[in-house]
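Okay, input.pdb is below, PDB, C-alpha atoms:
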ATOM      1  CA  MET A  24      93.023  65.492  58.232  1.00  0.00           C
ATOM      2  CA  LEU A  25      94.116  69.128  58.173  1.00  0.00           C
ATOM      3  CA  LYS A  26      91.749  69.867  61.049  1.00  0.00           C
ATOM      4  CA  ARG A  27      93.314  67.101  63.188  1.00  0.00           C
ATOM      5  CA  PHE A  28      96.789  68.391  62.389  1.00  0.00           C
ATOM      6  CA  VAL A  29      95.901  71.955  63.472  1.00  0.00           C
ATOM      7  CA  VAL A  30      94.363  70.731  66.733  1.00  0.00           C
ATOM      8  CA  ALA A  31      97.412  68.555  67.476  1.00  0.00           C
ATOM      9  CA  PHE A  32      99.786  71.430  66.657  1.00  0.00           C
ATOM     10  CA  MET A  33      97.913  73.813  68.978  1.00  0.00           C
ATOM     11  CA  SER A  34      97.908  71.223  71.778  1.00  0.00           C
ATOM     12  CA  VAL A  35     101.662  70.726  71.517  1.00  0.00           C
ATOM     13  CA  GLY A  36     102.169  74.508  71.524  1.00  0.00           C
ATOM     14  CA  LEU A  37     100.133  74.899  74.721  1.00  0.00           C
ATOM     15  CA  ILE A  38     102.048  72.082  76.418  1.00  0.00           C
ATOM     16  CA  VAL A  39     105.370  73.702  75.497  1.00  0.00           C
ATOM     17  CA  LEU A  40     104.205  77.083  76.803  1.00  0.00           C
ATOM     18  CA  GLY A  41     103.031  75.447  80.006  1.00  0.00           C
ATOM     19  CA  SER A  42     106.362  73.724  80.565  1.00  0.00           C
ATOM     20  CA  LEU A  43     108.305  76.941  79.880  1.00  0.00           C
ATOM     21  CA  SER A  44     106.257  78.818  82.442  1.00  0.00           C
ATOM     22  CA  GLY A  45     106.813  76.158  85.101  1.00  0.00           C
ATOM     23  CA  GLY A  46     103.325  74.723  84.843  1.00  0.00           C
ATOM     24  CA  GLN A  47     101.638  78.097  85.222  1.00  0.00           C
ATOM     25  CA  SER A  48      99.235  79.628  82.785  1.00  0.00           C
ATOM     26  CA  PRO A  49     100.973  81.264  79.792  1.00  0.00           C
ATOM     27  CA  PHE A  50      99.105  84.424  80.759  1.00  0.00           C
ATOM     28  CA  VAL A  51     100.716  84.644  84.221  1.00  0.00           C
ATOM     29  CA  PHE A  52     102.254  88.025  83.368  1.00  0.00           C
ATOM     30  CA  ALA A  53      98.810  89.578  83.802  1.00  0.00           C
ATOM     31  CA  GLN A  54      98.792  88.416  87.427  1.00  0.00           C
ATOM     32  CA  GLN A  55     102.177  89.916  88.403  1.00  0.00           C
ATOM     33  CA  PRO A  56     102.222  92.485  91.236  1.00  0.00           C
ATOM     34  CA  ILE A  57     101.553  96.051  90.143  1.00  0.00           C
ATOM     35  CA  VAL A  58     104.680  98.201  89.989  1.00  0.00           C
ATOM     36  CA  GLY A  59     104.792 100.420  93.043  1.00  0.00           C
ATOM     37  CA  HIS A  60     102.491  98.159  95.076  1.00  0.00           C
ATOM     38  CA  LEU A  61     104.772  97.984  98.096  1.00  0.00           C
ATOM     39  CA  SER A  62     104.271  96.486 101.517  1.00  0.00           C
ATOM     40  CA  ALA A  63     103.553  98.851 104.405  1.00  0.00           C
ATOM     41  CA  GLU A  64     107.123  98.293 105.641  1.00  0.00           C
ATOM     42  CA  GLN A  65     108.600  99.149 102.214  1.00  0.00           C
ATOM     43  CA  ARG A  66     106.448 102.256 101.903  1.00  0.00           C
ATOM     44  CA  SER A  67     107.333 103.530 105.376  1.00  0.00           C
ATOM     45  CA  ALA A  68     111.044 103.144 104.566  1.00  0.00           C
ATOM     46  CA  ILE A  69     110.877 105.604 101.648  1.00  0.00           C
ATOM     47  CA  GLN A  70     111.438 109.164 102.792  1.00  0.00           C
ATOM     48  CA  LEU A  71     109.622 111.841 100.793  1.00  0.00           C
ATOM     49  CA  LEU A  72     110.835 115.441 100.894  1.00  0.00           C
ATOM     50  CA  VAL A  73     109.319 118.392  99.048  1.00  0.00           C
ATOM     51  CA  SER A  74     110.734 121.852  98.440  1.00  0.00           C
ATOM     52  CA  SER A  75     109.679 124.969  96.567  1.00  0.00           C
ATOM     53  CA  HIS A  76     111.779 125.623  93.476  1.00  0.00           C
ATOM     54  CA  SER A  77     112.619 128.606  91.341  1.00  0.00           C
ATOM     55  CA  THR A  78     113.030 126.431  88.248  1.00  0.00           C
ATOM     56  CA  PRO A  79     111.410 123.219  86.995  1.00  0.00           C
ATOM     57  CA  GLY A  80     114.556 121.828  85.354  1.00  0.00           C
ATOM     58  CA  ASP A  81     116.125 119.660  88.068  1.00  0.00           C
ATOM     59  CA  PHE A  82     114.025 116.507  87.974  1.00  0.00           C
ATOM     60  CA  PHE A  83     115.691 113.107  87.493  1.00  0.00           C
ATOM     61  CA  THR A  84     118.941 114.543  88.848  1.00  0.00           C
ATOM     62  CA  ARG A  85     120.909 113.698  91.950  1.00  0.00           C
ATOM     63  CA  GLY A  86     122.403 117.123  92.766  1.00  0.00           C
ATOM     64  CA  PRO A  87     121.179 119.868  95.105  1.00  0.00           C
ATOM     65  CA  VAL A  88     118.101 121.888  94.239  1.00  0.00           C
ATOM     66  CA  ILE A  89     117.493 125.621  94.376  1.00  0.00           C
ATOM     67  CA  VAL A  90     114.912 126.363  97.064  1.00  0.00           C
ATOM     68  CA  GLN A  91     112.866 129.547  96.939  1.00  0.00           C
ATOM     69  CA  SER A  92     110.690 130.834  99.778  1.00  0.00           C
ATOM     70  CA  ASN A  93     109.351 134.114  98.340  1.00  0.00           C
ATOM     71  CA  PHE A  94     107.292 134.512  95.189  1.00  0.00           C
ATOM     72  CA  LYS A  95     105.361 137.327  93.522  1.00  0.00           C
ATOM     73  CA  PRO A  96     101.609 137.047  92.852  1.00  0.00           C
ATOM     74  CA  GLY A  97     101.034 135.010  89.697  1.00  0.00           C
ATOM     75  CA  GLU A  98     104.637 133.745  89.624  1.00  0.00           C
ATOM     76  CA  PRO A  99     104.880 129.974  89.069  1.00  0.00           C
ATOM     77  CA  VAL A 100     105.591 127.916  92.181  1.00  0.00           C
ATOM     78  CA  TYR A 101     107.225 124.591  91.394  1.00  0.00           C
ATOM     79  CA  ILE A 102     107.272 121.850  94.011  1.00  0.00           C
ATOM     80  CA  GLY A 103     110.071 119.324  93.802  1.00  0.00           C
ATOM     81  CA  LEU A 104     109.898 115.838  95.288  1.00  0.00           C
ATOM     82  CA  VAL A 105     112.867 113.722  96.389  1.00  0.00           C
ATOM     83  CA  MET A 106     112.465 110.045  97.274  1.00  0.00           C
ATOM     84  CA  THR A 107     115.045 108.193  99.382  1.00  0.00           C
ATOM     85  CA  ASN A 108     114.813 104.480 100.096  1.00  0.00           C
ATOM     86  CA  THR A 109     116.253 103.706 103.543  1.00  0.00           C
ATOM     87  CA  ARG A 110     115.910  99.917 103.328  1.00  0.00           C
ATOM     88  CA  PRO A 111     118.923  97.763 102.367  1.00  0.00           C
ATOM     89  CA  GLU A 112     117.005  96.309  99.394  1.00  0.00           C
ATOM     90  CA  PRO A 113     116.048  98.354  96.319  1.00  0.00           C
ATOM     91  CA  ALA A 114     112.384  99.303  95.916  1.00  0.00           C
ATOM     92  CA  ARG A 115     110.801  99.349  92.459  1.00  0.00           C
ATOM     93  CA  VAL A 116     108.434 102.300  92.131  1.00  0.00           C
ATOM     94  CA  CYS A 117     106.613 104.235  89.473  1.00  0.00           C
ATOM     95  CA  ALA A 118     108.642 107.457  89.560  1.00  0.00           C
ATOM     96  CA  PHE A 119     106.355 109.316  87.188  1.00  0.00           C
ATOM     97  CA  SER A 120     103.174 108.540  85.288  1.00  0.00           C
ATOM     98  CA  ASN A 121     100.692 111.385  85.612  1.00  0.00           C
ATOM     99  CA  PRO A 122     100.964 113.978  88.400  1.00  0.00           C
ATOM    100  CA  PHE A 123      97.201 113.990  88.953  1.00  0.00           C
ATOM    101  CA  TYR A 124      97.158 110.224  89.631  1.00  0.00           C
ATOM    102  CA  GLN A 125     100.180 110.076  91.925  1.00  0.00           C
ATOM    103  CA  ASN A 126      99.981 113.282  93.957  1.00  0.00           C
ATOM    104  CA  ARG A 127      97.579 115.030  96.297  1.00  0.00           C
ATOM    105  CA  PRO A 128      99.027 118.409  97.352  1.00  0.00           C
ATOM    106  CA  GLN A 129      97.528 119.911 100.507  1.00  0.00           C
ATOM    107  CA  LEU A 130      97.957 123.685 100.322  1.00  0.00           C
ATOM    108  CA  THR A 131      96.860 126.247 102.889  1.00  0.00           C
ATOM    109  CA  ARG A 132      96.860 130.050 102.557  1.00  0.00           C
ATOM    110  CA  ASP A 133      96.925 131.980 105.828  1.00  0.00           C
ATOM    111  CA  GLY A 134      95.733 128.845 107.625  1.00  0.00           C
ATOM    112  CA  ARG A 135      92.847 127.993 105.260  1.00  0.00           C
ATOM    113  CA  LEU A 136      92.822 125.039 102.903  1.00  0.00           C
ATOM    114  CA  VAL A 137      93.039 126.037  99.231  1.00  0.00           C
ATOM    115  CA  ALA A 138      90.724 124.046  96.933  1.00  0.00           C
ATOM    116  CA  TYR A 139      91.879 122.475  93.684  1.00  0.00           C
ATOM    117  CA  SER A 140      90.671 124.105  90.490  1.00  0.00           C
ATOM    118  CA  GLU A 141      87.370 122.702  89.211  1.00  0.00           C
ATOM    119  CA  HIS A 142      89.039 120.846  86.321  1.00  0.00           C
ATOM    120  CA  ILE A 143      91.675 119.234  88.568  1.00  0.00           C
ATOM    121  CA  ASN A 144      89.075 118.379  91.186  1.00  0.00           C
ATOM    122  CA  GLU A 145      87.198 116.328  88.573  1.00  0.00           C
ATOM    123  CA  LEU A 146      90.401 114.549  87.424  1.00  0.00           C
ATOM    124  CA  VAL A 147      91.233 113.706  91.034  1.00  0.00           C
ATOM    125  CA  ARG A 148      87.712 112.425  91.681  1.00  0.00           C
ATOM    126  CA  GLN A 149      87.800 110.153  88.622  1.00  0.00           C
ATOM    127  CA  SER A 150      91.293 108.941  89.480  1.00  0.00           C
ATOM    128  CA  ASP A 151      90.369 108.146  93.092  1.00  0.00           C
ATOM    129  CA  GLU A 152      87.281 106.253  91.933  1.00  0.00           C
ATOM    130  CA  GLY A 153      89.423 104.181  89.564  1.00  0.00           C
ATOM    131  CA  THR A 154      87.599 105.394  86.456  1.00  0.00           C
ATOM    132  CA  LEU A 155      90.561 107.329  85.032  1.00  0.00           C
ATOM    133  CA  CYS A 156      94.033 105.929  84.448  1.00  0.00           C
ATOM    134  CA  GLU A 157      95.291 106.815  80.994  1.00  0.00           C
ATOM    135  CA  PHE A 158      98.850 107.689  80.059  1.00  0.00           C
ATOM    136  CA  THR A 159     100.024 110.000  77.295  1.00  0.00           C
ATOM    137  CA  ARG A 160     103.564 108.628  77.708  1.00  0.00           C
ATOM    138  CA  THR A 161     105.224 105.516  79.076  1.00  0.00           C
ATOM    139  CA  PRO A 162     105.495 105.714  82.889  1.00  0.00           C
ATOM    140  CA  ASP A 163     109.006 105.940  84.354  1.00  0.00           C
ATOM    141  CA  ILE A 164     109.784 102.899  86.497  1.00  0.00           C
ATOM    142  CA  VAL A 165     112.885 103.051  88.715  1.00  0.00           C
ATOM    143  CA  ASP A 166     114.615 100.954  91.341  1.00  0.00           C
ATOM    144  CA  LEU A 167     115.299 103.178  94.343  1.00  0.00           C
ATOM    145  CA  LYS A 168     118.729 102.218  95.656  1.00  0.00           C
ATOM    146  CA  THR A 169     119.551 102.379  99.339  1.00  0.00           C
ATOM    147  CA  ASN A 170     120.078 105.919 100.632  1.00  0.00           C
ATOM    148  CA  VAL A 171     120.380 107.451  97.142  1.00  0.00           C
ATOM    149  CA  PRO A 172     118.081 110.513  96.838  1.00  0.00           C
ATOM    150  CA  PHE A 173     116.073 110.471  93.629  1.00  0.00           C
ATOM    151  CA  HIS A 174     114.445 113.630  92.244  1.00  0.00           C
ATOM    152  CA  VAL A 175     111.187 113.144  90.363  1.00  0.00           C
ATOM    153  CA  PRO A 176     109.385 115.604  88.050  1.00  0.00           C
ATOM    154  CA  ILE A 177     108.126 118.739  89.734  1.00  0.00           C
ATOM    155  CA  ILE A 178     104.565 119.835  90.333  1.00  0.00           C
ATOM    156  CA  ASP A 179     103.491 123.228  89.037  1.00  0.00           C
ATOM    157  CA  LEU A 180     101.004 124.568  91.585  1.00  0.00           C
ATOM    158  CA  ARG A 181      99.362 126.729  88.907  1.00  0.00           C
ATOM    159  CA  GLU A 182      98.050 123.523  87.304  1.00  0.00           C
ATOM    160  CA  TRP A 183      96.350 122.552  90.564  1.00  0.00           C
ATOM    161  CA  TYR A 184      95.224 125.900  91.960  1.00  0.00           C
ATOM    162  CA  GLY A 185      95.665 128.581  89.308  1.00  0.00           C
ATOM    163  CA  PRO A 186      97.790 131.685  90.043  1.00  0.00           C
ATOM    164  CA  LEU A 187      98.509 132.169  93.746  1.00  0.00           C
ATOM    165  CA  SER A 188      97.607 135.476  95.370  1.00  0.00           C
ATOM    166  CA  SER A 189      99.438 137.179  98.234  1.00  0.00           C
ATOM    167  CA  GLY A 190      99.619 135.291 101.509  1.00  0.00           C
ATOM    168  CA  HIS A 191     101.560 132.851 103.663  1.00  0.00           C
ATOM    169  CA  TYR A 192     101.337 129.288 102.354  1.00  0.00           C
ATOM    170  CA  THR A 193     102.076 125.878 103.812  1.00  0.00           C
ATOM    171  CA  LEU A 194     102.134 122.687 101.798  1.00  0.00           C
ATOM    172  CA  PHE A 195     102.662 118.993 102.138  1.00  0.00           C
ATOM    173  CA  LEU A 196     102.157 116.297  99.553  1.00  0.00           C
ATOM    174  CA  LYS A 197     100.509 112.905  99.642  1.00  0.00           C
ATOM    175  CA  HIS A 198     102.140 110.622  97.076  1.00  0.00           C
ATOM    176  CA  THR A 199     101.639 107.054  95.858  1.00  0.00           C
ATOM    177  CA  PHE A 200     104.396 104.833  94.483  1.00  0.00           C
ATOM    178  CA  ALA A 201     102.039 103.197  91.988  1.00  0.00           C
ATOM    179  CA  CYS A 202     101.383 104.613  88.514  1.00  0.00           C
ATOM    180  CA  CYS A 203      97.700 105.205  89.279  1.00  0.00           C
ATOM    181  CA  ALA A 204      95.981 106.273  92.473  1.00  0.00           C
ATOM    182  CA  ASP A 205      95.661 103.183  94.663  1.00  0.00           C
ATOM    183  CA  GLY A 206      94.625 104.780  97.948  1.00  0.00           C
ATOM    184  CA  LEU A 207      98.032 104.064  99.538  1.00  0.00           C
ATOM    185  CA  TRP A 208      99.413 107.532 100.207  1.00  0.00           C
ATOM    186  CA  ASN A 209     102.672 108.490 101.875  1.00  0.00           C
ATOM    187  CA  SER A 210     103.040 112.017 103.239  1.00  0.00           C
ATOM    188  CA  THR A 211     105.969 114.400 102.880  1.00  0.00           C
ATOM    189  CA  ASN A 212     107.413 117.041 105.137  1.00  0.00           C
ATOM    190  CA  VAL A 213     105.596 120.380 105.503  1.00  0.00           C
ATOM    191  CA  ILE A 214     107.081 123.429 103.784  1.00  0.00           C
ATOM    192  CA  SER A 215     106.107 127.093 103.819  1.00  0.00           C
ATOM    193  CA  PHE A 216     106.573 129.983 101.433  1.00  0.00           C
ATOM    194  CA  ASP A 217     105.228 133.479 100.952  1.00  0.00           C
ATOM    195  CA  VAL A 218     103.631 135.240  98.004  1.00  0.00           C
ATOM    196  CA  THR A 219     104.160 138.976  98.385  1.00  0.00           C
ATOM    197  CA  LEU A 220     104.068 142.080  96.206  1.00  0.00           C
TER     198      LEU A 220
END
Please re-express this file's structure in structure tokens.
Amino acid sequence: MLKRFVVAFMSVGLIVLGSLSGGQSPFVFAQQPIVGHLSAEQRSAIQLLVSSHSTPGDFFTRGPVIVQSNFKPGEPVYIGLVMTNTRPEPARVCAFSNPFYQNRPQLTRDGRLVAYSEHINELVRQSDEGTLCEFTRTPDIVDLKTNVPFHVPIIDLREWYGPLSSGHYTLFLKHTFACCADGLWNSTNVISFDVTL
């Protein structure tokens, strides 16, 4: 008797869940689009601008940033990223999860590509293969409003390349709007800066 009651109760519960979800499976949330998985048109409408900073403290702000073009050897070089959605509709993106999942800086020194450090190279490889996507904090999800610049956390080039030696550097960034590397990269403008004694 008790067994029949439990089965009947579970059946009613599943029917109620099904009706509340419009006839879909109660586990439909697992099938929702991934945050930051934008159409090609949405992605092309988001302008990405990078700049070299003298301080890392201006992320998640809307004001101007301090740009620096000359650094001393070993001095930290922070790269800021500003996203601007040019479409009339907001775009929901993953503003920050893990910089090694979302970014691929391309740095040259005196015209030659600078390689990532060995440790970062392995993180990037695992991320690109889809074998690494773990967060130490909750990712920041934002709705990019139309024509409102949004600053996201900076990138410290020392983490990617170690201390930079003297030379003339150029950099652009490939960035994804998803929380983990998904192979859909947008490119930024190209900037240059110098490291001199």
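With CA of Lys197 in chain A on one side and CA of Gln129 in chain A on the other, the separation reads 7.7 Å.
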Exercise for the section: List the residues matched by the PyMOL selection byres ((chain A and resi 181-196) around 10) in the displayed structure as an NGL selection string, ordered by chain and then by residue number. Expected result: :A and (71-75 or 92-102 or 104 or 122-123 or 126-144 or 178-180 or 197-199 or 208-220)
For those residues, write C-alpha atoms to a file as an mmCIF file, in the coordinates of the input.
data_model
loop_
_atom_site.group_PDB
_atom_site.id
_atom_site.type_symbol
_atom_site.label_atom_id
_atom_site.label_comp_id
_atom_site.auth_asym_id
_atom_site.auth_seq_id
_atom_site.Cartn_x
_atom_site.Cartn_y
_atom_site.Cartn_z
ATOM 1 C CA LEU A 71 109.622 111.841 100.793
ATOM 2 C CA LEU A 72 110.835 115.441 100.894
ATOM 3 C CA VAL A 73 109.319 118.392 99.048
ATOM 4 C CA SER A 74 110.734 121.852 98.440
ATOM 5 C CA SER A 75 109.679 124.969 96.567
ATOM 6 C CA SER A 92 110.690 130.834 99.778
ATOM 7 C CA ASN A 93 109.351 134.114 98.340
ATOM 8 C CA PHE A 94 107.292 134.512 95.189
ATOM 9 C CA LYS A 95 105.361 137.327 93.522
ATOM 10 C CA PRO A 96 101.609 137.047 92.852
ATOM 11 C CA GLY A 97 101.034 135.010 89.697
ATOM 12 C CA GLU A 98 104.637 133.745 89.624
ATOM 13 C CA PRO A 99 104.880 129.974 89.069
ATOM 14 C CA VAL A 100 105.591 127.916 92.181
ATOM 15 C CA TYR A 101 107.225 124.591 91.394
ATOM 16 C CA ILE A 102 107.272 121.850 94.011
ATOM 17 C CA LEU A 104 109.898 115.838 95.288
ATOM 18 C CA PRO A 122 100.964 113.978 88.400
ATOM 19 C CA PHE A 123 97.201 113.990 88.953
ATOM 20 C CA ASN A 126 99.981 113.282 93.957
ATOM 21 C CA ARG A 127 97.579 115.030 96.297
ATOM 22 C CA PRO A 128 99.027 118.409 97.352
ATOM 23 C CA GLN A 129 97.528 119.911 100.507
ATOM 24 C CA LEU A 130 97.957 123.685 100.322
ATOM 25 C CA THR A 131 96.860 126.247 102.889
ATOM 26 C CA ARG A 132 96.860 130.050 102.557
ATOM 27 C CA ASP A 133 96.925 131.980 105.828
ATOM 28 C CA GLY A 134 95.733 128.845 107.625
ATOM 29 C CA ARG A 135 92.847 127.993 105.260
ATOM 30 C CA LEU A 136 92.822 125.039 102.903
ATOM 31 C CA VAL A 137 93.039 126.037 99.231
ATOM 32 C CA ALA A 138 90.724 124.046 96.933
ATOM 33 C CA TYR A 139 91.879 122.475 93.684
ATOM 34 C CA SER A 140 90.671 124.105 90.490
ATOM 35 C CA GLU A 141 87.370 122.702 89.211
ATOM 36 C CA HIS A 142 89.039 120.846 86.321
ATOM 37 C CA ILE A 143 91.675 119.234 88.568
ATOM 38 C CA ASN A 144 89.075 118.379 91.186
ATOM 39 C CA ILE A 178 104.565 119.835 90.333
ATOM 40 C CA ASP A 179 103.491 123.228 89.037
ATOM 41 C CA LEU A 180 101.004 124.568 91.585
ATOM 42 C CA LYS A 197 100.509 112.905 99.642
ATOM 43 C CA HIS A 198 102.140 110.622 97.076
ATOM 44 C CA THR A 199 101.639 107.054 95.858
ATOM 45 C CA TRP A 208 99.413 107.532 100.207
ATOM 46 C CA ASN A 209 102.672 108.490 101.875
ATOM 47 C CA SER A 210 103.040 112.017 103.239
ATOM 48 C CA THR A 211 105.969 114.400 102.880
ATOM 49 C CA ASN A 212 107.413 117.041 105.137
ATOM 50 C CA VAL A 213 105.596 120.380 105.503
ATOM 51 C CA ILE A 214 107.081 123.429 103.784
ATOM 52 C CA SER A 215 106.107 127.093 103.819
ATOM 53 C CA PHE A 216 106.573 129.983 101.433
ATOM 54 C CA ASP A 217 105.228 133.479 100.952
ATOM 55 C CA VAL A 218 103.631 135.240 98.004
ATOM 56 C CA THR A 219 104.160 138.976 98.385
ATOM 57 C CA LEU A 220 104.068 142.080 96.206
#
Exercise for the section: Kindly give the distance, in Å, that separates CA of Ala204 in chain A and CA of Gln91 in chain A, rounded to a single decimal. Expected result: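 Answer for the CA of Ala204 in chain A to CA of Gln91 in chain A separation: 29.1 Å.
Here CA of Pro172 in chain A is placed at a distance of 7.6 Å from CA of Asn108 in chain A.
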Practice task
Starting from the shown file, work through the PyMOL selection byres ((chain A and resi 159-162) around 10) and note down what comes out as a ChimeraX atom specification.
Solution key: /A:117-121,157-158,163-165,202
Practice task
With the file shown as input, list the residues that the PyMOL selection byres ((chain A and resi 175) around 8) selects, as a ChimeraX atom specification.
Solution key: /A:82-83,103-106,118-119,173-174,176-177
Around all the atoms of range 102-113 of chain A listed in the file, with 5 Å of room on each side, what axis-aligned box do you get, giving centre and edge lengths in Å to one decimal, as lines of an AutoDock Vina configuration file?
center_x = 113.1
center_y = 109.1
center_z = 98.7
size_x = 21.7
size_y = 35.5
size_z = 19.7
Exercise for the section: Show which residues sit within 12 Å of Glu152 in chain A, as a PyMOL selection string. Count all atoms listed in the file, and ignore same-chain residues fewer than 2 positions away. Expected result: chain A and resi 124+145-150+154-156+203-206
Handout entry: 10 Å contact set for Thr109 in chain A, only C-alpha atoms, chain neighbours under 4 positions out, as a ChimeraX atom specification
Key = /A:65,67-70,113-114,167-172
